[in-house]
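Novice: My structure is below; once you've seen it, I'll send some questions.
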Protein chains: 2
Amino acid sequence: MDDILQKARPLFEGIKRHTTLTPECEKKIAAHLTTKVIRRRQYLLHEGQVARAAFVLKGCLRSYSIDENGFEHILQFAPVNWWITDLYSHISQKPSSLNIDALEDSEVVLLSRKDQLDLFDEVPALERYFRIISENSLINNHRRLIDKMALTAKERYLKFCTTYPSLINTLPQKQIASYIGITPEFLSKIRSERG
Amino acid sequence: MDDILQKARPLFEGIKRHTTLTPECEKKIAAHLTTKVIRRRQYLLHEGQVARAAFVLKGCLRSYSIDENGFEHILQFAPVNWWITDLYSHISQKPSSLNIDALEDSEVVLLSRKDQLDLFDEVPALERYFRIISENSLINNHRRLIDKMALTAKERYLKFCTTYPSLINTLPQKQIASYIGITPEFLSKIRSERG
DNA sequence: CGCGACGTTGATTTGCCTCAACGATTGTGG
DNA sequence: CCACAATCGTTGAGGCAAATCAACGTCGCG
């Protein structure tokens, strides 16, 4: 129990950057959290399961959909201190259409939707925190959608490089290509034009 | 004053579909709302201005970005009972990069970010409501982004037709083409292939 | 009436994909 | 520790979905 309270500290710090949180509230939250280790290439969520929300303590995960031709399309990367889930499944409690797996050995804390909703009544600050990160995620998604419509593959790649410089050398090119919506071969060609 | 309370009724009904709202809270909210009429082709928001959030009482609006070649990319349609804004600008209070204008004669209620944040402290139910609609918008945006990466133009058009059947006959084809991310010419060609 | 926005259609171009072959690197079991 | 497979990135030839450009008919509206 105290173990979780300790491990979830980065999460509480994150919450405190947006709102205030008393030690009692931290305990209430911690009571609903569990931790989980996920090794590289292991799944946190398989298509068809019901998702829980995961906060990354260590490592890096990704969520992606697989289309009818078997191609992966990455929706999100989640490095340390980010949340990741299939939001549709998490909220509706229906089977997910996304997969989530670990790009490196990772550790997360998990929160079910039921526990999350209970906590929103117990700890209003938590609801505020999730309201804020939902707003921010929405802004990022708007930007990404517009970029997908307005920019060329090369422009999107360069923008990715400046927006997430820390991920460039961490992630395989294949994953970056999938995130910006092009084939790995074409990304390779883009990069070879003096990069 | 009572006028706003009356006009905002559809908004209060919408909130009550997600949480509970007392008449006193409705009054508190109404005190921060203003109404505005926007005629067809008139702007609610110009690129560079700071956005407020708008709830549509009548008509239909759109938000869109203009790229460096002068092409419009529609981010959102807002028919009756939907919110629309440039979320980035509204939240950060910085100049917007989006435009919002009316596709037909419309009327909206407006809420500034400051008033919204004040209300979150006064009326927790309102924060819950916005948390929920942010979550739902995010789900829709995820879906749309994946569709843009995984589906062909024709598939996206057919999906638009089944997802928003009421908009098909209301909106000019040009606007639909911009929303699904293709040229009006190509949409015309898609439609001419029987169906 | 005439102008401007809209939709259509065809010819041509292009950004990106597909497929295939090939090194380099990683990792895994004998 | 090595052999081998699997994964990754690169490169090239060819193909296709969608964009571009241009011309034309229609409609609503000042």
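A note on labels: chains of the structure tokens are A, B, ... as shown, every chain counts residues from 1, and ligands are counted from 1 in their shown order.
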Kindly determine which residues of chain C lie within 10 Å of chain B, considering only C-alpha atoms (C1' of nucleotides), and give the answer as a PyMOL selection string.
Specialist: chain C and resi 6-9
Novice: Within 7 Å of chain A, which residues of chain B show up? Give each one with its shortest atom-to-atom distance in Å (one decimal) and the two atoms involved, counting only C-alpha atoms, rows by chain then rising residue number, as JSON lines.
Specialist:
```
{"residue": "B:Asp67", "atom": "CA", "partner": "A:Ala150", "partner_atom": "CA", "distance": 6.3}
{"residue": "B:His73", "atom": "CA", "partner": "A:Ile146", "partner_atom": "CA", "distance": 6.9}
{"residue": "B:Leu87", "atom": "CA", "partner": "A:Ile139", "partner_atom": "CA", "distance": 6.2}
{"residue": "B:Tyr88", "atom": "CA", "partner": "A:Ile139", "partner_atom": "CA", "distance": 5.7}
{"residue": "B:Arg131", "atom": "CA", "partner": "A:Arg131", "partner_atom": "CA", "distance": 4.5}
{"residue": "B:Ser134", "atom": "CA", "partner": "A:Ser134", "partner_atom": "CA", "distance": 5.9}
{"residue": "B:Glu135", "atom": "CA", "partner": "A:Ser134", "partner_atom": "CA", "distance": 6.0}
{"residue": "B:Leu138", "atom": "CA", "partner": "A:Leu138", "partner_atom": "CA", "distance": 5.4}
{"residue": "B:Ile139", "atom": "CA", "partner": "A:Tyr88", "partner_atom": "CA", "distance": 5.7}
{"residue": "B:Asn141", "atom": "CA", "partner": "A:Asn141", "partner_atom": "CA", "distance": 6.7}
{"residue": "B:Leu145", "atom": "CA", "partner": "A:Leu145", "partner_atom": "CA", "distance": 5.9}
{"residue": "B:Ile146", "atom": "CA", "partner": "A:His73", "partner_atom": "CA", "distance": 6.9}
{"residue": "B:Met149", "atom": "CA", "partner": "A:Gly181", "partner_atom": "CA", "distance": 5.8}
{"residue": "B:Ala150", "atom": "CA", "partner": "A:Asp67", "partner_atom": "CA", "distance": 6.3}
{"residue": "B:Gly181", "atom": "CA", "partner": "A:Met149", "partner_atom": "CA", "distance": 5.8}
```
Novice: For chain D, report every residue with an atom at most 9 Å from chain A (counting only C-alpha atoms (C1' of nucleotides)), formatted as a PyMOL selection string.
Specialist: chain D and resi 8-11
Novice: Looking only at strand (DSSP E or B) from DSSP on the backbone, list the matching residues of region 2-183 of chain A as a VMD selection string.
Specialist: chain A and resid 34 to 38 43 to 45 53 to 58 61 to 66 72 to 78 83 to 84 99 to 102 106 to 111
Novice: Write out, as a JSON list (two decimals), in the first residue's frame, the residues just selected, with C-alpha atoms.
Specialist:
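out.json written:
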```
[["chain", "number", "residue", "atom", "x", "y", "z"],
["A", 34, "THR", "CA", -2.40, -1.06, -9.07],
["A", 35, "THR", "CA", 1.01, -1.39, -10.68],
["A", 36, "LYS", "CA", 2.04, -3.61, -13.54],
["A", 37, "VAL", "CA", 5.31, -4.45, -15.26],
["A", 38, "ILE", "CA", 5.22, -4.89, -19.04],
["A", 43, "TYR", "CA", 0.79, -6.26, -24.57],
["A", 44, "LEU", "CA", -0.97, -4.10, -22.02],
["A", 45, "LEU", "CA", -4.18, -4.27, -24.05],
["A", 53, "ALA", "CA", -6.16, 3.85, -18.06],
["A", 54, "ALA", "CA", -2.41, 3.47, -17.58],
["A", 55, "PHE", "CA", 0.07, 6.04, -16.28],
["A", 56, "VAL", "CA", 3.65, 5.32, -17.32],
["A", 57, "LEU", "CA", 6.21, 5.15, -14.49],
["A", 58, "LYS", "CA", 9.01, 3.69, -16.57],
["A", 61, "LEU", "CA", 4.22, 2.29, -24.66],
["A", 62, "ARG", "CA", 2.21, 2.80, -27.84],
["A", 63, "SER", "CA", -1.44, 2.49, -28.84],
["A", 64, "TYR", "CA", -2.32, 1.56, -32.41],
["A", 65, "SER", "CA", -5.07, 0.21, -34.61],
["A", 66, "ILE", "CA", -4.65, -2.54, -37.18],
["A", 72, "GLU", "CA", -0.57, -0.74, -37.95],
["A", 73, "HIS", "CA", -1.45, 2.92, -37.39],
["A", 74, "ILE", "CA", -0.01, 4.42, -34.23],
["A", 75, "LEU", "CA", -2.35, 6.73, -32.39],
["A", 76, "GLN", "CA", -0.11, 7.60, -29.47],
["A", 77, "PHE", "CA", 3.26, 7.13, -27.85],
["A", 78, "ALA", "CA", 3.35, 7.24, -24.05],
["A", 83, "TRP", "CA", -1.35, 8.43, -19.64],
["A", 84, "ILE", "CA", -2.33, 5.89, -22.25],
["A", 99, "ASN", "CA", -3.82, -2.50, -29.11],
["A", 100, "ILE", "CA", -1.37, -1.19, -26.56],
["A", 101, "ASP", "CA", 2.10, -2.68, -26.13],
["A", 102, "ALA", "CA", 5.47, -1.77, -24.70],
["A", 106, "SER", "CA", 8.04, -0.61, -18.76],
["A", 107, "GLU", "CA", 6.04, -0.17, -15.61],
["A", 108, "VAL", "CA", 2.62, 1.49, -15.27],
["A", 109, "VAL", "CA", -0.05, 2.21, -12.69],
["A", 110, "LEU", "CA", -3.56, 1.16, -13.70],
["A", 111, "LEU", "CA", -6.92, 2.79, -12.99]]
```
Novice: Might you pull out every residue within 6 Å of region 93-97 of chain A, with only C-alpha atoms (C1' of nucleotides) counted and same-chain residues fewer than 2 positions away left off, and present them as a PyMOL selection string?
Specialist: chain A and resi 47-50+89-91
Novice: Could you check how far CA of Asp105 (chain B) sits from CA of Arg40 (chain B), in Å to one decimal?
Specialist: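 Between CA of Asp105 (chain B) and CA of Arg40 (chain B) the gap works out to 4.6 Å.
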